[in-house]
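Novice: Input my_file.txt, format and content: compact mmCIF, C-alpha atoms.
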# COMPACT_ATOMS: atom_id res chain seq x y z
CA MET A 24 -24.78 -55.56 12.11
CA LYS A 25 -21.93 -55.69 14.64
CA PHE A 26 -19.23 -53.32 13.39
CA CYS A 27 -19.24 -49.73 12.13
CA SER A 28 -18.92 -49.69 8.33
CA HIS A 29 -17.21 -46.27 8.52
CA CYS A 30 -14.52 -46.86 11.18
CA GLY A 31 -14.63 -50.59 12.06
CA ALA A 32 -15.45 -50.09 15.77
CA ARG A 33 -17.95 -52.38 17.57
CA LEU A 34 -21.50 -51.03 17.45
CA ASP A 35 -23.92 -50.48 20.29
CA GLN A 36 -27.69 -50.81 19.81
CA ARG A 37 -29.70 -48.11 21.60
CA ILE A 38 -32.23 -45.32 21.10
CA PRO A 39 -30.28 -42.20 20.06
CA SER A 40 -31.16 -38.86 21.63
CA GLY A 41 -34.19 -37.34 19.88
CA ASP A 42 -35.13 -40.68 18.30
CA ASP A 43 -37.82 -43.18 19.29
CA ARG A 44 -36.45 -46.55 18.27
CA PRO A 45 -33.22 -48.57 18.67
CA ARG A 46 -30.48 -47.96 16.10
CA PHE A 47 -26.95 -49.27 15.64
CA VAL A 48 -24.74 -46.46 16.93
CA CYS A 49 -20.95 -46.07 16.72
CA ASP A 50 -19.47 -44.53 19.87
CA ARG A 51 -16.12 -43.94 18.15
CA CYS A 52 -17.17 -41.96 15.03
CA GLN A 53 -20.75 -41.13 16.18
CA THR A 54 -22.34 -42.58 13.03
CA ILE A 55 -25.92 -43.82 13.38
CA HIS A 56 -26.54 -46.74 11.02
CA TYR A 57 -30.17 -46.60 9.91
CA GLN A 58 -31.79 -49.68 8.38
CA ASN A 59 -34.71 -49.18 6.02
CA PRO A 60 -37.07 -51.24 3.85
CA LYS A 61 -36.03 -52.42 0.40
CA ILE A 62 -37.96 -52.03 -2.84
CA VAL A 63 -38.61 -55.08 -5.02
CA VAL A 64 -39.57 -54.34 -8.63
CA GLY A 65 -41.05 -56.85 -11.05
CA THR A 66 -43.33 -57.42 -14.00
CA ILE A 67 -46.33 -59.32 -15.29
CA PRO A 68 -45.14 -60.13 -18.84
CA GLU A 69 -48.11 -60.58 -21.22
CA TRP A 70 -48.33 -62.45 -24.53
CA ASP A 71 -51.86 -62.41 -25.92
CA ASP A 72 -53.90 -63.95 -23.09
CA GLN A 73 -50.89 -65.67 -21.50
CA LEU A 74 -48.45 -64.57 -18.78
CA LEU A 75 -44.78 -65.45 -18.43
CA LEU A 76 -43.74 -67.10 -15.16
CA CYS A 77 -40.31 -68.26 -13.97
CA ARG A 78 -39.55 -71.40 -11.97
CA ARG A 79 -37.03 -70.51 -9.28
CA ALA A 80 -33.56 -72.09 -9.39
CA ILE A 81 -32.53 -70.63 -6.03
CA GLU A 82 -33.66 -70.68 -2.43
CA PRO A 83 -35.98 -69.70 -0.93
CA ARG A 84 -38.76 -71.63 -2.68
CA SER A 85 -36.52 -73.22 -5.30
CA GLY A 86 -38.65 -75.09 -7.85
CA MET A 87 -41.72 -72.88 -7.30
CA TRP A 88 -43.19 -70.44 -9.82
CA THR A 89 -42.89 -66.68 -9.59
CA LEU A 90 -43.05 -63.45 -11.59
CA PRO A 91 -39.72 -61.87 -12.58
CA ALA A 92 -38.78 -59.52 -9.72
CA GLY A 93 -35.83 -58.42 -7.61
CA TYR A 94 -34.29 -55.60 -5.61
CA LEU A 95 -34.21 -52.11 -7.10
CA GLU A 96 -30.61 -50.92 -7.54
CA ASN A 97 -29.19 -47.53 -6.62
CA ARG A 98 -29.53 -44.86 -9.36
CA GLU A 99 -32.24 -46.85 -11.14
CA THR A 100 -35.92 -46.00 -11.73
CA MET A 101 -38.48 -48.60 -10.68
CA MET A 102 -39.52 -49.20 -14.29
CA ASP A 103 -35.92 -49.65 -15.45
CA GLY A 104 -35.31 -52.03 -12.54
CA ALA A 105 -38.40 -54.08 -13.43
CA ARG A 106 -37.20 -54.39 -17.04
CA ARG A 107 -33.71 -55.41 -15.86
CA GLU A 108 -35.07 -58.12 -13.57
CA THR A 109 -37.25 -59.48 -16.40
CA ARG A 110 -34.19 -59.59 -18.65
CA GLU A 111 -32.04 -61.27 -15.96
CA GLU A 112 -34.54 -63.89 -14.79
CA ALA A 113 -36.56 -64.58 -17.95
CA GLY A 114 -34.30 -63.42 -20.80
CA ALA A 115 -37.26 -61.35 -21.98
CA GLU A 116 -37.85 -57.80 -23.23
CA LEU A 117 -41.05 -55.85 -22.65
CA THR A 118 -42.66 -53.09 -24.69
CA THR A 119 -44.70 -50.47 -22.77
CA LEU A 120 -45.11 -50.96 -19.03
CA ALA A 121 -47.87 -49.68 -16.75
CA PRO A 122 -47.77 -49.56 -12.92
CA PHE A 123 -50.04 -52.33 -11.66
CA ALA A 124 -49.55 -53.01 -7.93
CA LEU A 125 -47.75 -51.43 -5.00
CA PHE A 126 -47.77 -53.68 -1.96
CA ASP A 127 -46.41 -53.26 1.56
CA LEU A 128 -44.77 -56.34 3.07
CA PRO A 129 -43.98 -54.96 6.53
CA PHE A 130 -43.25 -58.43 7.99
CA ILE A 131 -40.10 -58.53 5.87
CA SER A 132 -39.56 -54.74 5.51
CA GLN A 133 -40.13 -54.73 1.75
CA VAL A 134 -42.26 -52.83 -0.74
CA TYR A 135 -43.20 -54.52 -4.03
CA MET A 136 -43.81 -52.46 -7.15
CA MET A 137 -45.20 -54.57 -10.01
CA PHE A 138 -45.66 -53.40 -13.61
CA ARG A 139 -47.62 -55.10 -16.37
CA GLY A 140 -46.90 -55.00 -20.08
CA PRO A 141 -46.59 -57.01 -23.31
CA LEU A 142 -43.53 -59.05 -24.20
CA ALA A 143 -41.69 -57.70 -27.23
CA SER A 144 -41.50 -61.26 -28.65
CA THR A 145 -41.56 -64.89 -27.57
CA ASP A 146 -37.78 -64.78 -27.40
CA TYR A 147 -37.22 -65.68 -23.73
CA HIS A 148 -35.05 -68.11 -21.78
CA PRO A 149 -34.27 -68.91 -18.14
CA GLY A 150 -31.56 -66.76 -16.54
CA GLN A 151 -29.17 -67.92 -13.80
CA GLU A 152 -31.86 -67.76 -11.12
CA SER A 153 -34.54 -69.63 -13.10
CA LEU A 154 -34.92 -73.34 -13.94
CA GLU A 155 -37.61 -72.74 -16.54
CA VAL A 156 -39.61 -69.90 -18.07
CA ARG A 157 -43.06 -70.55 -19.53
CA LEU A 158 -46.22 -68.86 -20.76
CA PHE A 159 -49.42 -69.78 -18.89
CA ALA A 160 -53.05 -69.14 -19.77
CA GLN A 161 -55.26 -68.21 -16.82
CA ALA A 162 -56.65 -71.76 -16.55
CA ASP A 163 -53.13 -73.22 -16.33
CA ILE A 164 -51.55 -70.95 -13.66
CA PRO A 165 -49.85 -73.25 -11.12
CA TRP A 166 -51.70 -71.75 -8.12
CA ASN A 167 -50.52 -74.48 -5.74
CA ASP A 168 -46.89 -74.05 -6.72
CA LEU A 169 -46.50 -70.26 -6.50
CA ALA A 170 -43.43 -69.17 -4.58
CA PHE A 171 -44.78 -66.23 -2.57
CA ALA A 172 -48.00 -64.72 -1.24
CA VAL A 173 -47.27 -61.46 -3.06
CA VAL A 174 -47.14 -63.31 -6.41
CA ARG A 175 -50.50 -64.95 -5.74
CA GLU A 176 -52.04 -61.60 -4.76
CA THR A 177 -50.62 -59.89 -7.87
CA LEU A 178 -51.96 -62.60 -10.19
CA GLU A 179 -55.38 -62.64 -8.51
CA CYS A 180 -55.66 -58.85 -8.93
CA TYR A 181 -54.51 -59.13 -12.53
CA PHE A 182 -57.06 -61.74 -13.61
CA SER A 183 -59.84 -60.03 -11.65
CA ASP A 184 -59.13 -56.75 -13.49
CA ARG A 185 -58.76 -58.45 -16.86
CA ASN A 186 -62.03 -60.32 -16.44
CA ASN A 187 -63.70 -57.01 -15.47
CA GLY A 188 -62.27 -55.30 -18.55
CA GLN A 189 -60.33 -52.61 -16.66
CA PHE A 190 -56.89 -52.48 -15.07
CA LYS A 191 -56.44 -50.44 -11.88
CA LEU A 192 -53.46 -49.69 -9.69
CA HIS A 193 -53.66 -51.92 -6.65
CA THR A 194 -52.31 -51.07 -3.22
CA GLY A 195 -52.43 -52.92 0.07
CA THR A 196 -50.56 -54.91 2.66
CA ILE A 197 -49.53 -58.50 2.10
CA VAL A 198 -49.92 -60.84 5.06
CA PRO A 199 -48.23 -64.19 4.50
CA PRO A 200 -50.63 -67.11 4.93
CA PRO A 201 -49.47 -69.98 7.13
CA GLY A 202 -46.95 -72.12 5.28
CA MET A 203 -45.82 -69.34 2.94
CA PRO A 204 -42.20 -68.28 3.49
CA ARG A 205 -41.50 -64.95 5.17
CA GLN A 206 -38.55 -64.10 2.88
CA PRO A 207 -39.77 -63.69 -0.70
CA HIS A 208 -36.60 -62.86 -2.57
CA CYS A 209 -32.87 -62.86 -2.45
CA GLN A 210 -30.87 -60.18 -4.29
CA MET B 15 -18.54 -48.02 3.51
CA LYS B 16 -15.04 -49.13 4.46
CA PHE B 17 -15.44 -51.96 6.98
CA CYS B 18 -17.54 -55.14 7.08
CA SER B 19 -20.51 -54.65 9.42
CA HIS B 20 -20.53 -58.40 10.15
CA CYS B 21 -16.87 -59.09 10.99
CA GLY B 22 -15.09 -55.69 11.02
CA ALA B 23 -12.58 -56.51 8.23
CA ARG B 24 -11.67 -53.92 5.57
CA LEU B 25 -13.90 -54.12 2.51
CA ASP B 26 -12.94 -54.38 -1.13
CA GLN B 27 -15.07 -52.87 -3.91
CA ARG B 28 -15.39 -55.12 -6.97
CA ILE B 29 -17.87 -56.91 -9.22
CA PRO B 30 -18.71 -60.26 -7.56
CA SER B 31 -18.82 -63.40 -9.69
CA GLY B 32 -22.22 -63.64 -11.46
CA ASP B 33 -22.98 -59.97 -10.81
CA ASP B 34 -22.74 -56.98 -13.16
CA ARG B 35 -21.90 -54.04 -10.89
CA PRO B 36 -19.40 -53.17 -8.17
CA ARG B 37 -20.33 -54.13 -4.59
CA PHE B 38 -18.59 -53.86 -1.25
CA VAL B 39 -17.27 -57.37 -0.60
CA CYS B 40 -15.70 -58.82 2.56
CA ASP B 41 -12.85 -61.23 1.80
CA ARG B 42 -12.79 -62.51 5.39
CA CYS B 43 -16.44 -63.53 5.93
CA GLN B 44 -17.51 -63.45 2.22
CA THR B 45 -20.44 -61.10 2.88
CA ILE B 46 -21.54 -58.94 -0.04
CA HIS B 47 -22.92 -55.62 1.22
CA TYR B 48 -25.65 -54.50 -1.17
CA GLN B 49 -26.79 -50.89 -1.16
CA ASN B 50 -30.32 -50.10 -2.31
CA PRO B 51 -32.65 -47.11 -2.72
CA LYS B 52 -34.59 -45.76 0.22
CA ILE B 53 -38.32 -45.01 0.36
CA VAL B 54 -39.50 -41.59 1.53
CA VAL B 55 -43.15 -41.41 2.61
CA GLY B 56 -45.11 -38.21 3.13
CA THR B 57 -48.48 -36.50 2.99
CA ILE B 58 -50.44 -33.61 1.55
CA PRO B 59 -52.53 -32.63 4.60
CA GLU B 60 -55.79 -30.93 3.56
CA TRP B 61 -58.05 -28.57 5.51
CA ASP B 62 -60.95 -27.31 3.37
CA ASP B 63 -59.17 -25.72 0.41
CA GLN B 64 -55.87 -25.25 2.26
CA LEU B 65 -52.78 -27.47 2.59
CA LEU B 66 -50.42 -27.80 5.56
CA LEU B 67 -46.74 -27.08 4.88
CA CYS B 68 -43.74 -27.21 7.22
CA ARG B 69 -40.80 -24.79 7.26
CA ARG B 70 -37.63 -26.84 7.70
CA ALA B 71 -35.55 -26.36 10.86
CA ILE B 72 -32.72 -28.59 9.61
CA GLU B 73 -30.30 -28.79 6.72
CA PRO B 74 -30.48 -29.28 3.84
CA ARG B 75 -32.70 -26.34 2.85
CA SER B 76 -33.29 -25.08 6.38
CA GLY B 77 -35.90 -22.27 6.34
CA MET B 78 -37.60 -23.52 3.16
CA TRP B 79 -41.13 -24.97 2.95
CA THR B 80 -41.89 -28.64 2.44
CA LEU B 81 -44.56 -31.31 2.87
CA PRO B 82 -44.22 -33.62 5.87
CA ALA B 83 -42.12 -36.59 4.69
CA GLY B 84 -39.27 -38.85 5.77
CA TYR B 85 -37.72 -42.29 5.47
CA LEU B 86 -39.94 -45.34 5.78
CA GLU B 87 -38.89 -47.46 8.77
CA ASN B 88 -38.46 -51.23 8.88
CA ARG B 89 -41.65 -53.20 9.66
CA GLU B 90 -43.85 -50.21 8.75
CA THR B 91 -46.39 -49.83 5.93
CA MET B 92 -46.02 -46.79 3.69
CA MET B 93 -49.29 -45.31 4.92
CA ASP B 94 -48.35 -45.79 8.58
CA GLY B 95 -44.97 -44.19 7.87
CA ALA B 96 -46.59 -41.20 6.17
CA ARG B 97 -48.87 -40.67 9.18
CA ARG B 98 -45.90 -40.96 11.56
CA GLU B 99 -43.87 -38.37 9.63
CA THR B 100 -46.86 -35.99 9.62
CA ARG B 101 -47.16 -36.42 13.38
CA GLU B 102 -43.41 -35.93 13.93
CA GLU B 103 -42.89 -32.92 11.67
CA ALA B 104 -46.25 -31.15 11.86
CA GLY B 105 -47.85 -32.46 15.10
CA ALA B 106 -50.88 -33.31 12.97
CA GLU B 107 -53.24 -36.27 12.62
CA LEU B 108 -54.92 -37.24 9.35
CA THR B 109 -58.20 -39.03 8.70
CA THR B 110 -58.40 -41.20 5.55
CA LEU B 111 -55.39 -41.23 3.24
CA ALA B 112 -55.25 -41.99 -0.49
CA PRO B 113 -52.11 -42.74 -2.54
CA PHE B 114 -51.37 -39.67 -4.64
CA ALA B 115 -47.87 -39.79 -6.17
CA LEU B 116 -45.07 -42.29 -6.56
CA PHE B 117 -41.91 -40.68 -7.87
CA ASP B 118 -38.48 -42.05 -8.77
CA LEU B 119 -35.52 -39.88 -7.75
CA PRO B 120 -32.70 -41.99 -9.22
CA PHE B 121 -30.11 -39.18 -8.88
CA ILE B 122 -30.27 -39.68 -5.10
CA SER B 123 -31.45 -43.34 -5.09
CA GLN B 124 -34.80 -42.57 -3.49
CA VAL B 125 -38.46 -43.31 -4.19
CA TYR B 126 -41.11 -40.90 -2.86
CA MET B 127 -44.59 -42.14 -1.98
CA MET B 128 -46.98 -39.28 -1.20
CA PHE B 129 -50.49 -39.66 0.19
CA ARG B 130 -53.22 -37.02 0.40
CA GLY B 131 -55.95 -36.70 3.01
CA PRO B 132 -57.82 -34.40 5.36
CA LEU B 133 -56.45 -33.24 8.70
CA ALA B 134 -58.43 -34.56 11.65
CA SER B 135 -58.45 -31.04 13.17
CA THR B 136 -56.51 -27.77 13.12
CA ASP B 137 -54.55 -29.04 16.11
CA TYR B 138 -51.00 -28.97 14.70
CA HIS B 139 -47.62 -27.64 15.80
CA PRO B 140 -44.02 -27.72 14.56
CA GLY B 141 -42.03 -30.83 15.55
CA GLN B 142 -38.25 -30.88 16.19
CA GLU B 143 -37.42 -30.67 12.46
CA SER B 144 -39.81 -27.78 11.70
CA LEU B 145 -39.58 -24.05 12.46
CA GLU B 146 -43.20 -23.38 11.59
CA VAL B 147 -46.28 -25.22 10.31
CA ARG B 148 -48.97 -23.34 8.41
CA LEU B 149 -52.04 -23.77 6.21
CA PHE B 150 -51.80 -22.27 2.72
CA ALA B 151 -54.48 -21.62 0.12
CA GLN B 152 -53.42 -22.33 -3.48
CA ALA B 153 -52.82 -18.62 -4.17
CA ASP B 154 -50.48 -18.35 -1.17
CA ILE B 155 -48.21 -21.39 -1.73
CA PRO B 156 -44.60 -20.13 -1.35
CA TRP B 157 -43.48 -21.49 -4.75
CA ASN B 158 -40.15 -19.66 -4.64
CA ASP B 159 -39.32 -20.99 -1.20
CA LEU B 160 -40.06 -24.70 -1.63
CA ALA B 161 -37.30 -26.95 -0.34
CA PHE B 162 -37.20 -29.65 -3.03
CA ALA B 163 -38.13 -30.33 -6.65
CA VAL B 164 -40.25 -33.32 -5.59
CA VAL B 165 -42.36 -31.06 -3.34
CA ARG B 166 -42.97 -28.64 -6.19
CA GLU B 167 -43.94 -31.48 -8.55
CA THR B 168 -46.29 -33.01 -5.95
CA LEU B 169 -48.04 -29.68 -5.32
CA GLU B 170 -48.32 -28.90 -9.05
CA CYS B 171 -49.94 -32.32 -9.68
CA TYR B 172 -52.24 -31.79 -6.69
CA PHE B 173 -53.59 -28.40 -7.78
CA SER B 174 -53.85 -29.52 -11.40
CA ASP B 175 -55.99 -32.50 -10.35
CA ARG B 176 -58.06 -30.47 -7.92
CA ASN B 177 -58.77 -27.81 -10.52
CA ASN B 178 -59.78 -30.58 -12.97
CA GLY B 179 -62.12 -32.11 -10.40
CA GLN B 180 -60.42 -35.53 -10.28
CA PHE B 181 -57.47 -36.93 -8.34
CA LYS B 182 -55.24 -39.50 -10.06
CA LEU B 183 -52.21 -41.47 -8.95
CA HIS B 184 -49.14 -39.79 -10.42
CA THR B 185 -45.93 -41.57 -11.33
CA GLY B 186 -42.77 -40.31 -12.95
CA THR B 187 -39.12 -39.43 -12.50
CA ILE B 188 -37.99 -36.26 -10.76
CA VAL B 189 -35.05 -34.43 -12.31
CA PRO B 190 -33.68 -31.69 -10.05
CA PRO B 191 -33.64 -28.29 -11.77
CA PRO B 192 -30.38 -26.33 -11.60
CA GLY B 193 -30.04 -24.73 -8.20
CA MET B 194 -32.22 -27.27 -6.43
CA PRO B 195 -30.31 -29.43 -3.95
CA ARG B 196 -29.57 -33.02 -4.83
CA GLN B 197 -30.26 -34.31 -1.32
CA PRO B 198 -33.92 -33.75 -0.45
CA HIS B 199 -34.17 -35.16 3.06
CA CYS B 200 -32.28 -36.30 6.06
CA GLN B 201 -33.63 -39.07 8.26
For the structure just supplied, provide its representation as structure tokens.
Specialist:
Amino acid sequence: MKFCSHCGARLDQRIPSGDDRPRFVCDRCQTIHYQNPKIVVGTIPEWDDQLLLCRRAIEPRSGMWTLPAGYLENRETMMDGARRETREEAGAELTTLAPFALFDLPFISQVYMMFRGPLASTDYHPGQESLEVRLFAQADIPWNDLAFAVVRETLECYFSDRNNGQFKLHTGTIVPPPGMPRQPHCQ
Amino acid sequence: MKFCSHCGARLDQRIPSGDDRPRFVCDRCQTIHYQNPKIVVGTIPEWDDQLLLCRRAIEPRSGMWTLPAGYLENRETMMDGARRETREEAGAELTTLAPFALFDLPFISQVYMMFRGPLASTDYHPGQESLEVRLFAQADIPWNDLAFAVVRETLECYFSDRNNGQFKLHTGTIVPPPGMPRQPHCQ
């Protein structure tokens, strides 16, 4: 961020009066440009005992497997956004959704909200951002080829709950293990 | 948003190729400026059977009562942000926190994450954005002078759960009633 999006002047970065952290400040129109975390919404699409995963067609982590997820849009609820991302990336519709996991990813200033729910049918196909979309039983999940730490954590929580016979809402902070990329998703 | 924050050129608003909604696009440096919902984090501070509310010193809804809450900052977890806002607005520290409510406010492109938990002590005082900070028993909650619909909903869920003897995590979409302001919080 170098220029003011309101008036086009060059920005300064400093701690505004009454604040406690550096912000981008415009000395011409006095606008303070705050930057805040983004919300990623996604789903765990179920079909009997199988889950639908997408193989990424885009960087980062192109070729690796992930759950359908992406940035929440303005004027959208989290559940609507999760359905939209599932439609866009996996060509799939879901029936009822339940909140499943809400994770902080402070190292990349993101919050992930994941829902789980049954597919409406086996009518699915890869969208622009996916190379392939496939159902996996628990024994076949490609654990070594998952795109992001948050996807691994979500799937581990899911199978743990399912094997215990009760789904909970999971919260917590994701710390990327060494070798996992710091940027999980592009818009 | 009129100017590109990367290069200072005037922006155009149009649907980029491969997208499905209008974005601010820079024709000079090709940057697409996405705009996404913000996360507001806050708390329900408990002291025995009373809750701590703040009377707002700033617009919108100056003079009305609210729960301590504000925008999540980059590189911050939601729980840390909720503690920080409680410190800033109510001069109060909390012990353990539990997730209590996660609400969509699509009409203002916000998501509210509210935690509940006991105050560490009765050492509290109004911060810069509060006129007054006070403990209220359920019978004394100023229902007619609450600042925002999301605060009313959070308190109604809280007392309902408490009276039923069990706290749950609440989710849902807030629709502002007529007369309630559409903009709940400033940074």
Novice: Considering all atoms listed in the file, tabulate each residue of chain A that lies at most 8 Å from chain B along with its nearest interatomic pair and the corresponding distance in Å to one decimal; arrange the rows by chain and ascending residue number and present them as JSON lines.
Specialist:
{"residue": "A:Met24", "atom": "CA", "partner": "B:Ser19", "partner_atom": "CA", "distance": 5.1}
{"residue": "A:Lys25", "atom": "CA", "partner": "B:His20", "partner_atom": "CA", "distance": 5.4}
{"residue": "A:Phe26", "atom": "CA", "partner": "B:Ser19", "partner_atom": "CA", "distance": 4.4}
{"residue": "A:Cys27", "atom": "CA", "partner": "B:Ser19", "partner_atom": "CA", "distance": 5.8}
{"residue": "A:Ser28", "atom": "CA", "partner": "B:Phe17", "partner_atom": "CA", "distance": 4.4}
{"residue": "A:His29", "atom": "CA", "partner": "B:Lys16", "partner_atom": "CA", "distance": 5.4}
{"residue": "A:Cys30", "atom": "CA", "partner": "B:Phe17", "partner_atom": "CA", "distance": 6.7}
{"residue": "A:Gly31", "atom": "CA", "partner": "B:Gly22", "partner_atom": "CA", "distance": 5.2}
{"residue": "A:Ala32", "atom": "CA", "partner": "B:Gly22", "partner_atom": "CA", "distance": 7.4}
{"residue": "A:Arg33", "atom": "CA", "partner": "B:Gly22", "partner_atom": "CA", "distance": 7.9}
{"residue": "A:Gln58", "atom": "CA", "partner": "B:Asn88", "partner_atom": "CA", "distance": 6.9}
{"residue": "A:Asn59", "atom": "CA", "partner": "B:Asn88", "partner_atom": "CA", "distance": 5.1}
{"residue": "A:Pro60", "atom": "CA", "partner": "B:Asn88", "partner_atom": "CA", "distance": 5.2}
{"residue": "A:Lys61", "atom": "CA", "partner": "B:Asn50", "partner_atom": "CA", "distance": 6.7}
{"residue": "A:Ile62", "atom": "CA", "partner": "B:Pro51", "partner_atom": "CA", "distance": 7.2}
{"residue": "A:Tyr94", "atom": "CA", "partner": "B:Asn50", "partner_atom": "CA", "distance": 7.5}
{"residue": "A:Leu95", "atom": "CA", "partner": "B:Asn50", "partner_atom": "CA", "distance": 6.5}
{"residue": "A:Glu96", "atom": "CA", "partner": "B:Asn50", "partner_atom": "CA", "distance": 5.3}
{"residue": "A:Asn97", "atom": "CA", "partner": "B:Ser123", "partner_atom": "CA", "distance": 5.0}
{"residue": "A:Arg98", "atom": "CA", "partner": "B:Pro120", "partner_atom": "CA", "distance": 4.3}
{"residue": "A:Glu99", "atom": "CA", "partner": "B:Pro120", "partner_atom": "CA", "distance": 5.2}
{"residue": "A:Thr100", "atom": "CA", "partner": "B:Asp118", "partner_atom": "CA", "distance": 5.6}
{"residue": "A:Met101", "atom": "CA", "partner": "B:Asp118", "partner_atom": "CA", "distance": 6.8}
{"residue": "A:Asp127", "atom": "CA", "partner": "B:Thr91", "partner_atom": "CA", "distance": 5.6}
{"residue": "A:Leu128", "atom": "CA", "partner": "B:Thr91", "partner_atom": "CA", "distance": 7.3}
{"residue": "A:Pro129", "atom": "CA", "partner": "B:Arg89", "partner_atom": "CA", "distance": 4.3}
{"residue": "A:Phe130", "atom": "CA", "partner": "B:Arg89", "partner_atom": "CA", "distance": 5.7}
{"residue": "A:Ile131", "atom": "CA", "partner": "B:Arg89", "partner_atom": "CA", "distance": 6.7}
{"residue": "A:Ser132", "atom": "CA", "partner": "B:Arg89", "partner_atom": "CA", "distance": 4.9}
{"residue": "A:Thr196", "atom": "CA", "partner": "B:Thr91", "partner_atom": "CA", "distance": 7.3}
Novice: If you count only C-alpha atoms, which residues fall within 7 Å of stretch 65-80 of chain A, apart from same-chain ones fewer than 3 positions away, as an MDAnalysis selection string?
Specialist: chainID A and resid 84:93 105 108:109 113 136:142 152:161
Novice: Using all atoms listed in the file for the distances, tell me which of B:Thr136, B:Asp33, B:Phe114, B:Glu102 is nearest to B:Lys182.
Specialist: B:Phe114
Novice: Return the Cα root-mean-square deviation, in Å, for chain A superposed on chain B by least squares with the Cα atoms paired in order.
Specialist: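 The RMSD between chain A and chain B over C-alpha atoms is 0.0 Å.
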Novice: How many Å lie between atom CA of A:Thr118 and atom CA of A:Ala172, rounded to one decimal?
Specialist: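 About the pair atom CA of A:Thr118 and atom CA of A:Ala172: they are 26.7 Å apart.
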Novice: Please indicate the distance in Å from atom CA of B:Leu169 to atom CA of B:Arg98, rounded to one decimal place.
Specialist: 20.4 Å
Novice: What are the centre and the three edge lengths of an axis-aligned box that wraps all atoms of stretch 64-83 of chain B in the file, given that 6 Å is added to every side, written as lines of an AutoDock Vina configuration file and rounded to one decimal in Å?
Specialist:
center_x = -43.1
center_y = -29.4
center_z = 6.6
size_x = 37.6
size_y = 26.3
size_z = 20.6
Novice: Just the number, please: distance in Å from atom CA of B:Ala153 to atom CA of B:Phe173, one decimal.
Specialist: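 Rounded to one decimal, the two atoms are 10.5 Å apart.
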Novice: Output requested as a CSV table (one decimal), keeping the file's coordinate frame - stretch 24-38 of chain B, filled out with N, CA and C atoms.
Specialist:
chain,number,residue,atom,x,y,z
B,24,ARG,N,-11.6,-54.9,6.6
B,24,ARG,CA,-11.7,-53.9,5.6
B,24,ARG,C,-12.4,-54.5,4.3
B,25,LEU,N,-13.2,-53.7,3.7
B,25,LEU,CA,-13.9,-54.1,2.5
B,25,LEU,C,-13.2,-53.8,1.2
B,26,ASP,N,-13.4,-54.6,0.2
B,26,ASP,CA,-12.9,-54.4,-1.1
B,26,ASP,C,-14.2,-54.0,-2.0
B,27,GLN,N,-14.0,-53.2,-3.0
B,27,GLN,CA,-15.1,-52.9,-3.9
B,27,GLN,C,-14.8,-53.5,-5.3
B,28,ARG,N,-15.6,-54.5,-5.7
B,28,ARG,CA,-15.4,-55.1,-7.0
B,28,ARG,C,-16.7,-55.8,-7.4
B,29,ILE,N,-16.7,-56.2,-8.7
B,29,ILE,CA,-17.9,-56.9,-9.2
B,29,ILE,C,-17.8,-58.4,-8.8
B,30,PRO,N,-18.7,-58.8,-8.0
B,30,PRO,CA,-18.7,-60.3,-7.6
B,30,PRO,C,-19.0,-61.2,-8.8
B,31,SER,N,-18.6,-62.4,-8.7
B,31,SER,CA,-18.8,-63.4,-9.7
B,31,SER,C,-20.3,-63.5,-9.9
B,32,GLY,N,-20.8,-63.5,-11.1
B,32,GLY,CA,-22.2,-63.6,-11.5
B,32,GLY,C,-23.0,-62.3,-11.3
B,33,ASP,N,-22.3,-61.3,-11.0
B,33,ASP,CA,-23.0,-60.0,-10.8
B,33,ASP,C,-22.6,-59.1,-12.0
B,34,ASP,N,-23.1,-57.9,-12.1
B,34,ASP,CA,-22.7,-57.0,-13.2
B,34,ASP,C,-22.4,-55.6,-12.7
B,35,ARG,N,-22.3,-55.4,-11.4
B,35,ARG,CA,-21.9,-54.0,-10.9
B,35,ARG,C,-21.1,-54.1,-9.6
B,36,PRO,N,-20.3,-53.1,-9.3
B,36,PRO,CA,-19.4,-53.2,-8.2
B,36,PRO,C,-20.2,-53.2,-6.9
B,37,ARG,N,-19.7,-54.0,-5.9
B,37,ARG,CA,-20.3,-54.1,-4.6
B,37,ARG,C,-19.2,-54.1,-3.6
B,38,PHE,N,-19.6,-53.8,-2.3
B,38,PHE,CA,-18.6,-53.9,-1.2
B,38,PHE,C,-18.6,-55.3,-0.8
